[in-house]
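Participant: My file is start.cif. It has mmCIF, N, CA and C atoms:
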```
data_coords
#
loop_
_atom_site.label_atom_id
_atom_site.label_comp_id
_atom_site.auth_asym_id
_atom_site.auth_seq_id
_atom_site.Cartn_x
_atom_site.Cartn_y
_atom_site.Cartn_z
N MET F 1 21.06 -47.79 38.82
CA MET F 1 21.04 -48.07 37.46
C MET F 1 19.67 -47.90 36.85
N ALA F 2 18.71 -48.16 37.60
CA ALA F 2 17.36 -47.97 37.14
C ALA F 2 17.14 -46.51 36.86
N ASP F 3 17.84 -45.68 37.66
CA ASP F 3 17.68 -44.26 37.43
C ASP F 3 18.30 -43.87 36.09
N MET F 4 19.34 -44.52 35.78
CA MET F 4 20.04 -44.18 34.57
C MET F 4 19.24 -44.58 33.34
N SER F 5 18.60 -45.71 33.37
CA SER F 5 17.81 -46.11 32.23
C SER F 5 16.62 -45.19 32.06
N GLU F 6 16.13 -44.65 33.18
CA GLU F 6 15.03 -43.72 33.06
C GLU F 6 15.51 -42.42 32.47
N GLN F 7 16.73 -42.01 32.85
CA GLN F 7 17.27 -40.76 32.33
C GLN F 7 17.55 -40.88 30.82
N THR F 8 18.12 -42.00 30.44
CA THR F 8 18.39 -42.14 29.01
C THR F 8 17.09 -42.21 28.23
N ALA F 9 16.08 -42.82 28.80
CA ALA F 9 14.80 -42.91 28.12
C ALA F 9 14.19 -41.53 27.98
N GLN F 10 14.41 -40.69 29.03
CA GLN F 10 13.85 -39.36 28.98
C GLN F 10 14.67 -38.45 28.09
N SER F 11 16.02 -38.63 28.10
CA SER F 11 16.87 -37.75 27.32
C SER F 11 16.78 -38.07 25.83
N GLU F 12 16.61 -39.29 25.51
CA GLU F 12 16.50 -39.66 24.10
C GLU F 12 15.03 -39.66 23.68
N PRO F 13 14.75 -38.95 22.69
CA PRO F 13 13.34 -38.97 22.25
C PRO F 13 13.00 -40.36 21.68
N ALA F 14 11.73 -40.66 21.65
CA ALA F 14 11.27 -41.96 21.13
C ALA F 14 11.60 -42.05 19.66
N SER F 15 11.73 -43.26 19.19
CA SER F 15 12.14 -43.48 17.80
C SER F 15 11.11 -42.88 16.83
N SER F 16 9.87 -42.79 17.23
CA SER F 16 8.86 -42.22 16.35
C SER F 16 8.98 -40.71 16.31
N ASP F 17 9.59 -40.13 17.36
CA ASP F 17 9.75 -38.68 17.40
C ASP F 17 11.02 -38.24 16.69
N LYS F 18 11.88 -39.16 16.37
CA LYS F 18 13.15 -38.81 15.75
C LYS F 18 12.91 -38.31 14.33
N LYS F 19 13.59 -37.27 13.98
CA LYS F 19 13.56 -36.76 12.62
C LYS F 19 14.87 -37.13 11.98
N PRO F 20 14.84 -37.59 10.76
CA PRO F 20 16.10 -37.96 10.13
C PRO F 20 16.91 -36.70 9.87
N PRO F 21 18.21 -36.83 9.94
CA PRO F 21 19.04 -35.65 9.68
C PRO F 21 18.89 -35.22 8.23
N ARG F 22 19.16 -33.96 8.00
CA ARG F 22 19.02 -33.41 6.66
C ARG F 22 19.99 -34.11 5.72
N GLY F 23 19.52 -34.36 4.47
CA GLY F 23 20.36 -35.00 3.49
C GLY F 23 20.36 -36.51 3.60
N ALA F 24 19.78 -37.02 4.66
CA ALA F 24 19.74 -38.48 4.81
C ALA F 24 18.59 -39.02 3.97
N ARG F 25 18.79 -40.20 3.47
CA ARG F 25 17.75 -40.83 2.65
C ARG F 25 16.64 -41.36 3.55
N ARG F 26 15.46 -41.22 3.02
CA ARG F 26 14.33 -41.77 3.76
C ARG F 26 14.24 -43.25 3.44
N GLN F 27 13.88 -43.98 4.40
CA GLN F 27 13.71 -45.41 4.16
C GLN F 27 12.31 -45.64 3.60
N LYS F 28 12.26 -46.48 2.61
CA LYS F 28 10.98 -46.79 1.99
C LYS F 28 10.20 -47.68 2.94
N PRO F 29 8.91 -47.45 2.98
CA PRO F 29 8.12 -48.32 3.86
C PRO F 29 8.14 -49.75 3.33
N ASP F 30 7.95 -50.64 4.20
CA ASP F 30 7.96 -52.05 3.84
C ASP F 30 6.75 -52.35 2.97
N ARG F 31 7.04 -52.86 1.77
CA ARG F 31 5.94 -53.17 0.84
C ARG F 31 5.77 -54.68 0.79
N SER F 32 5.05 -55.14 1.68
CA SER F 32 4.78 -56.57 1.68
C SER F 32 3.57 -56.82 0.79
N PRO F 33 3.44 -58.01 0.22
CA PRO F 33 2.31 -58.27 -0.67
C PRO F 33 0.98 -58.05 0.06
N LYS F 34 0.10 -57.34 -0.67
CA LYS F 34 -1.21 -57.05 -0.08
C LYS F 34 -2.16 -58.18 -0.45
N PRO F 35 -3.17 -58.35 0.32
CA PRO F 35 -4.15 -59.39 -0.01
C PRO F 35 -4.84 -59.02 -1.33
N PRO F 36 -5.20 -60.00 -2.16
CA PRO F 36 -5.82 -59.72 -3.46
C PRO F 36 -7.13 -58.95 -3.29
N ARG F 37 -7.34 -58.08 -4.25
CA ARG F 37 -8.59 -57.31 -4.21
C ARG F 37 -9.73 -58.17 -4.72
N ARG F 38 -10.91 -57.78 -4.37
CA ARG F 38 -12.08 -58.55 -4.77
C ARG F 38 -12.73 -57.98 -6.04
N GLY F 39 -12.15 -56.96 -6.65
CA GLY F 39 -12.73 -56.34 -7.84
C GLY F 39 -12.33 -57.04 -9.13
N GLY F 40 -11.67 -58.15 -9.07
CA GLY F 40 -11.23 -58.86 -10.28
C GLY F 40 -12.40 -59.29 -11.15
N LEU F 41 -13.45 -59.78 -10.57
CA LEU F 41 -14.63 -60.21 -11.32
C LEU F 41 -15.29 -59.02 -12.00
N LEU F 42 -15.37 -57.92 -11.28
CA LEU F 42 -15.97 -56.71 -11.85
C LEU F 42 -15.13 -56.20 -13.02
N ALA F 43 -13.80 -56.25 -12.88
CA ALA F 43 -12.92 -55.82 -13.97
C ALA F 43 -13.08 -56.75 -15.18
N LEU F 44 -13.21 -58.04 -14.93
CA LEU F 44 -13.40 -59.00 -16.02
C LEU F 44 -14.71 -58.73 -16.76
N ILE F 45 -15.77 -58.46 -16.02
CA ILE F 45 -17.06 -58.15 -16.63
C ILE F 45 -16.96 -56.86 -17.45
N ALA F 46 -16.28 -55.86 -16.89
CA ALA F 46 -16.11 -54.59 -17.61
C ALA F 46 -15.30 -54.81 -18.88
N LEU F 47 -14.27 -55.64 -18.81
CA LEU F 47 -13.46 -55.93 -19.99
C LEU F 47 -14.29 -56.65 -21.06
N ILE F 48 -15.09 -57.62 -20.65
CA ILE F 48 -15.94 -58.36 -21.59
C ILE F 48 -16.94 -57.41 -22.24
N LEU F 49 -17.55 -56.53 -21.44
CA LEU F 49 -18.51 -55.57 -21.99
C LEU F 49 -17.83 -54.62 -22.96
N ALA F 50 -16.62 -54.20 -22.62
CA ALA F 50 -15.89 -53.31 -23.53
C ALA F 50 -15.57 -54.03 -24.84
N LEU F 51 -15.16 -55.29 -24.75
CA LEU F 51 -14.88 -56.06 -25.97
C LEU F 51 -16.14 -56.27 -26.80
N LEU F 52 -17.26 -56.52 -26.13
CA LEU F 52 -18.53 -56.68 -26.85
C LEU F 52 -18.92 -55.37 -27.54
N ALA F 53 -18.72 -54.26 -26.84
CA ALA F 53 -19.04 -52.96 -27.45
C ALA F 53 -18.13 -52.71 -28.66
N LEU F 54 -16.86 -53.04 -28.52
CA LEU F 54 -15.93 -52.87 -29.64
C LEU F 54 -16.33 -53.77 -30.81
N ALA F 55 -16.72 -54.99 -30.51
CA ALA F 55 -17.15 -55.91 -31.57
C ALA F 55 -18.42 -55.38 -32.24
N ALA F 56 -19.35 -54.82 -31.45
CA ALA F 56 -20.58 -54.27 -32.03
C ALA F 56 -20.26 -53.09 -32.94
N VAL F 57 -19.35 -52.23 -32.51
CA VAL F 57 -18.96 -51.08 -33.34
C VAL F 57 -18.27 -51.57 -34.62
N ALA F 58 -17.40 -52.54 -34.49
CA ALA F 58 -16.71 -53.08 -35.67
C ALA F 58 -17.72 -53.72 -36.64
N PHE F 59 -18.67 -54.46 -36.11
CA PHE F 59 -19.68 -55.09 -36.95
C PHE F 59 -20.54 -54.04 -37.65
N GLY F 60 -20.91 -52.99 -36.91
CA GLY F 60 -21.68 -51.90 -37.51
C GLY F 60 -20.90 -51.22 -38.62
N GLY F 61 -19.61 -51.00 -38.39
CA GLY F 61 -18.76 -50.41 -39.43
C GLY F 61 -18.64 -51.31 -40.63
N TRP F 62 -18.53 -52.59 -40.40
CA TRP F 62 -18.44 -53.54 -41.51
C TRP F 62 -19.73 -53.54 -42.33
N GLN F 63 -20.87 -53.52 -41.62
CA GLN F 63 -22.16 -53.48 -42.33
C GLN F 63 -22.29 -52.20 -43.14
N TRP F 64 -21.87 -51.08 -42.56
CA TRP F 64 -21.93 -49.81 -43.27
C TRP F 64 -21.08 -49.87 -44.53
N ARG F 65 -19.89 -50.44 -44.40
CA ARG F 65 -18.98 -50.57 -45.56
C ARG F 65 -19.60 -51.46 -46.63
N GLN F 66 -20.26 -52.55 -46.20
CA GLN F 66 -20.92 -53.44 -47.16
C GLN F 66 -22.04 -52.71 -47.89
N ARG F 67 -22.83 -51.92 -47.14
CA ARG F 67 -23.91 -51.17 -47.79
C ARG F 67 -23.36 -50.17 -48.79
N GLN F 68 -22.26 -49.50 -48.43
CA GLN F 68 -21.64 -48.55 -49.35
C GLN F 68 -21.16 -49.28 -50.61
N SER F 69 -20.54 -50.43 -50.42
CA SER F 69 -20.06 -51.23 -51.54
C SER F 69 -21.23 -51.68 -52.42
N ASP F 70 -22.31 -52.12 -51.78
CA ASP F 70 -23.50 -52.54 -52.53
C ASP F 70 -24.09 -51.38 -53.31
N ARG F 71 -24.13 -50.20 -52.68
CA ARG F 71 -24.67 -49.02 -53.37
C ARG F 71 -23.82 -48.68 -54.58
N GLN F 72 -22.52 -48.78 -54.42
CA GLN F 72 -21.62 -48.49 -55.54
C GLN F 72 -21.85 -49.49 -56.68
N ALA F 73 -21.95 -50.76 -56.32
CA ALA F 73 -22.19 -51.79 -57.34
C ALA F 73 -23.54 -51.57 -58.01
N ASP F 74 -24.55 -51.20 -57.22
CA ASP F 74 -25.87 -50.93 -57.80
C ASP F 74 -25.81 -49.74 -58.74
N ALA F 75 -25.07 -48.70 -58.35
CA ALA F 75 -24.96 -47.51 -59.20
C ALA F 75 -24.28 -47.86 -60.52
N GLN F 76 -23.24 -48.69 -60.46
CA GLN F 76 -22.55 -49.11 -61.68
C GLN F 76 -23.46 -49.95 -62.56
N ALA F 77 -24.18 -50.87 -61.94
CA ALA F 77 -25.10 -51.73 -62.71
C ALA F 77 -26.20 -50.88 -63.34
N THR F 78 -26.70 -49.89 -62.59
CA THR F 78 -27.73 -49.01 -63.13
C THR F 78 -27.20 -48.22 -64.32
N ALA F 79 -25.98 -47.72 -64.21
CA ALA F 79 -25.39 -46.97 -65.32
C ALA F 79 -25.23 -47.86 -66.55
N GLN F 80 -24.79 -49.10 -66.35
CA GLN F 80 -24.65 -50.03 -67.48
C GLN F 80 -26.00 -50.34 -68.11
N LEU F 81 -27.02 -50.54 -67.28
CA LEU F 81 -28.35 -50.82 -67.81
C LEU F 81 -28.89 -49.62 -68.58
N ARG F 82 -28.63 -48.43 -68.09
CA ARG F 82 -29.08 -47.24 -68.81
C ARG F 82 -28.41 -47.13 -70.18
N GLN F 83 -27.13 -47.48 -70.21
CA GLN F 83 -26.42 -47.47 -71.50
C GLN F 83 -27.04 -48.49 -72.45
N GLN F 84 -27.33 -49.67 -71.93
CA GLN F 84 -27.94 -50.71 -72.77
C GLN F 84 -29.31 -50.29 -73.27
N VAL F 85 -30.09 -49.66 -72.39
CA VAL F 85 -31.42 -49.19 -72.78
C VAL F 85 -31.29 -48.12 -73.88
N ALA F 86 -30.32 -47.22 -73.71
CA ALA F 86 -30.11 -46.17 -74.73
C ALA F 86 -29.74 -46.80 -76.07
N LYS F 87 -28.88 -47.82 -76.05
CA LYS F 87 -28.51 -48.51 -77.30
C LYS F 87 -29.73 -49.18 -77.92
N LEU F 88 -30.52 -49.84 -77.09
CA LEU F 88 -31.72 -50.51 -77.61
C LEU F 88 -32.71 -49.50 -78.19
N GLN F 89 -32.87 -48.37 -77.52
CA GLN F 89 -33.77 -47.34 -78.05
C GLN F 89 -33.26 -46.83 -79.39
N SER F 90 -31.95 -46.66 -79.49
CA SER F 90 -31.37 -46.22 -80.76
C SER F 90 -31.61 -47.26 -81.84
N THR F 91 -31.43 -48.52 -81.49
CA THR F 91 -31.66 -49.60 -82.46
C THR F 91 -33.12 -49.64 -82.89
N VAL F 92 -34.02 -49.45 -81.94
CA VAL F 92 -35.45 -49.46 -82.26
C VAL F 92 -35.77 -48.29 -83.18
N ARG F 93 -35.21 -47.11 -82.87
CA ARG F 93 -35.44 -45.95 -83.74
C ARG F 93 -34.93 -46.23 -85.16
N GLU F 94 -33.72 -46.81 -85.25
CA GLU F 94 -33.17 -47.15 -86.56
C GLU F 94 -34.06 -48.15 -87.28
N GLY F 95 -34.55 -49.12 -86.53
CA GLY F 95 -35.45 -50.12 -87.11
C GLY F 95 -36.73 -49.47 -87.60
N ALA F 96 -37.26 -48.55 -86.80
CA ALA F 96 -38.49 -47.86 -87.22
C ALA F 96 -38.21 -47.02 -88.46
N ASP F 97 -37.06 -46.34 -88.48
CA ASP F 97 -36.70 -45.55 -89.66
C ASP F 97 -36.56 -46.46 -90.89
N ASN F 98 -35.89 -47.60 -90.71
CA ASN F 98 -35.71 -48.55 -91.81
C ASN F 98 -37.06 -49.09 -92.29
N ARG F 99 -37.93 -49.36 -91.34
CA ARG F 99 -39.26 -49.87 -91.71
C ARG F 99 -40.02 -48.82 -92.50
N GLN F 100 -39.91 -47.57 -92.03
CA GLN F 100 -40.60 -46.50 -92.73
C GLN F 100 -40.03 -46.32 -94.14
N GLN F 101 -38.71 -46.40 -94.25
CA GLN F 101 -38.09 -46.29 -95.57
C GLN F 101 -38.51 -47.46 -96.45
N GLY F 102 -38.58 -48.64 -95.87
CA GLY F 102 -39.02 -49.83 -96.61
C GLY F 102 -40.45 -49.66 -97.10
N GLN F 103 -41.31 -49.15 -96.22
CA GLN F 103 -42.70 -48.93 -96.62
C GLN F 103 -42.78 -47.92 -97.77
N GLN F 104 -41.98 -46.85 -97.66
CA GLN F 104 -41.98 -45.85 -98.72
C GLN F 104 -41.50 -46.46 -100.04
N ALA F 105 -40.47 -47.29 -99.96
CA ALA F 105 -39.95 -47.94 -101.17
C ALA F 105 -41.00 -48.88 -101.76
N LEU F 106 -41.70 -49.63 -100.89
CA LEU F 106 -42.75 -50.52 -101.36
C LEU F 106 -43.89 -49.74 -102.00
N GLN F 107 -44.26 -48.62 -101.40
CA GLN F 107 -45.33 -47.80 -101.97
C GLN F 107 -44.93 -47.27 -103.35
N ALA F 108 -43.66 -46.83 -103.44
CA ALA F 108 -43.18 -46.32 -104.74
C ALA F 108 -43.19 -47.45 -105.77
N ALA F 109 -42.71 -48.65 -105.38
CA ALA F 109 -42.70 -49.79 -106.31
C ALA F 109 -44.13 -50.16 -106.68
N ASN F 110 -45.03 -50.13 -105.72
CA ASN F 110 -46.43 -50.46 -105.96
C ASN F 110 -47.04 -49.46 -106.95
N GLN F 111 -46.74 -48.19 -106.76
CA GLN F 111 -47.27 -47.18 -107.69
C GLN F 111 -46.73 -47.40 -109.12
N THR F 112 -45.43 -47.71 -109.18
CA THR F 112 -44.82 -47.96 -110.49
C THR F 112 -45.48 -49.16 -111.16
N LEU F 113 -45.65 -50.24 -110.39
CA LEU F 113 -46.29 -51.43 -110.95
C LEU F 113 -47.74 -51.14 -111.33
N GLN F 114 -48.42 -50.38 -110.54
CA GLN F 114 -49.81 -50.04 -110.84
C GLN F 114 -49.89 -49.25 -112.15
N ARG F 115 -48.94 -48.31 -112.33
CA ARG F 115 -48.93 -47.54 -113.59
C ARG F 115 -48.66 -48.46 -114.78
N ARG F 116 -47.72 -49.39 -114.59
CA ARG F 116 -47.42 -50.32 -115.69
C ARG F 116 -48.63 -51.19 -116.01
N ILE F 117 -49.29 -51.67 -114.97
CA ILE F 117 -50.48 -52.51 -115.18
C ILE F 117 -51.56 -51.69 -115.90
N ASP F 118 -51.72 -50.43 -115.43
CA ASP F 118 -52.72 -49.57 -116.08
C ASP F 118 -52.36 -49.36 -117.56
N GLY F 119 -51.04 -49.15 -117.82
CA GLY F 119 -50.59 -48.98 -119.20
C GLY F 119 -50.83 -50.23 -120.02
N MET F 120 -50.57 -51.41 -119.43
CA MET F 120 -50.80 -52.67 -120.14
C MET F 120 -52.28 -52.87 -120.37
N SER F 121 -53.09 -52.49 -119.40
CA SER F 121 -54.54 -52.63 -119.57
C SER F 121 -55.02 -51.77 -120.73
N GLU F 122 -54.48 -50.56 -120.85
CA GLU F 122 -54.87 -49.70 -121.97
C GLU F 122 -54.45 -50.31 -123.30
N ARG F 123 -53.25 -50.91 -123.33
CA ARG F 123 -52.78 -51.56 -124.57
C ARG F 123 -53.66 -52.75 -124.91
N VAL F 124 -53.99 -53.53 -123.87
CA VAL F 124 -54.84 -54.69 -124.13
C VAL F 124 -56.19 -54.21 -124.67
N ASP F 125 -56.72 -53.15 -124.06
CA ASP F 125 -58.00 -52.61 -124.55
C ASP F 125 -57.86 -52.14 -126.01
N SER F 126 -56.74 -51.49 -126.31
CA SER F 126 -56.50 -51.01 -127.69
C SER F 126 -56.40 -52.20 -128.64
N LEU F 127 -55.67 -53.24 -128.20
CA LEU F 127 -55.53 -54.43 -129.06
C LEU F 127 -56.89 -55.09 -129.28
N GLU F 128 -57.67 -55.21 -128.21
CA GLU F 128 -58.99 -55.84 -128.33
C GLU F 128 -59.86 -55.03 -129.32
N THR F 129 -59.75 -53.71 -129.20
CA THR F 129 -60.53 -52.87 -130.12
C THR F 129 -60.04 -53.05 -131.56
N ALA F 130 -58.74 -53.13 -131.72
CA ALA F 130 -58.16 -53.32 -133.07
C ALA F 130 -58.55 -54.69 -133.62
N VAL F 131 -58.50 -55.73 -132.81
CA VAL F 131 -58.88 -57.07 -133.26
C VAL F 131 -60.36 -57.09 -133.60
N ALA F 132 -61.17 -56.49 -132.80
CA ALA F 132 -62.62 -56.45 -133.09
C ALA F 132 -62.89 -55.69 -134.39
N SER F 133 -62.17 -54.62 -134.59
CA SER F 133 -62.34 -53.83 -135.80
C SER F 133 -61.87 -54.64 -137.02
N LEU F 134 -60.78 -55.37 -136.88
CA LEU F 134 -60.30 -56.23 -137.97
C LEU F 134 -61.30 -57.36 -138.23
N ALA F 135 -61.83 -57.86 -137.22
CA ALA F 135 -62.79 -58.94 -137.37
C ALA F 135 -64.03 -58.43 -138.09
N ARG F 136 -64.43 -57.26 -137.87
CA ARG F 136 -65.59 -56.69 -138.57
C ARG F 136 -65.26 -56.43 -140.03
N HIS F 137 -64.13 -55.98 -140.32
CA HIS F 137 -63.75 -55.69 -141.72
C HIS F 137 -63.51 -56.96 -142.50
N SER F 138 -63.08 -57.96 -141.86
CA SER F 138 -62.80 -59.17 -142.60
C SER F 138 -64.10 -59.95 -142.83
N ARG F 139 -65.17 -59.66 -142.42
CA ARG F 139 -66.37 -60.42 -142.67
C ARG F 139 -67.04 -59.96 -143.83
#
```
In structure tokens, how does this file's structure come out?
Facilitator:
Amino acid sequence: MADMSEQTAQSEPASSDKKPPRGARRQKPDRSPKPPRRGGLLALIALILALLALAAVAFGGWQWRQRQSDRQADAQATAQLRQQVAKLQSTVREGADNRQQGQQALQAANQTLQRRIDGMSERVDSLETAVASLARHSR
């Protein structure tokens, strides 16, 4: 019998040498849980760094947007101030024109009054001469 077990052992190839017949399904290897990897801390650090980088980029974008918004507001305020300055300059020009017209009117009135005063002075002189002449004749 010992001979027979040797013959069967020799006639049958070892289980590792056996090839599955064609069309037969392969058995999946046993997937038992593997021991945990030690890279968890490294992955956590990488994740934190990635989140910090994302936060820095988001903050930079937010700051850029704020600067753009501030520039727009400044441009609008500048345009409004320029309009106000233009209105004030126009008002000043009108005021200067009005002042000049007022001065011209005053000069014209002054000349008219001066002519009237000169005319009255001539009349007064004529009257004084007439009164003096009458006073001489009446004596």
Participant: Between atom C of Asp97 in chain F and CA of Leu81 in chain F, measure the distance and give it in Å to one decimal.
Facilitator: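 Computing the Euclidean distance for atom C of Asp97 in chain F and CA of Leu81 in chain F yields 24.9 Å.
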Participant: Grab the CA of Gln114 in chain F to CA of Gln101 in chain F distance for me, in Å with one decimal place.
Facilitator: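 Straight-line distance from CA of Gln114 in chain F to CA of Gln101 in chain F works out to 19.6 Å.
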Participant: Give, as lines of an AutoDock Vina configuration file, the centre coordinates and the x, y and z edge lengths in Å to one decimal for an axis-aligned box around all listed atoms of range 119-128 of chain F, padded by 8 Å on each side.
Facilitator:
```
center_x = -55.2
center_y = -52.4
center_z = -123.6
size_x = 25.3
size_y = 22.9
size_z = 27.5
```
Participant: So how many Å separate CA of Gln111 in chain F and CA of Ala96 in chain F, to one decimal?
Facilitator: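 We find that CA of Gln111 in chain F and CA of Ala96 in chain F lie 22.3 Å from each other.
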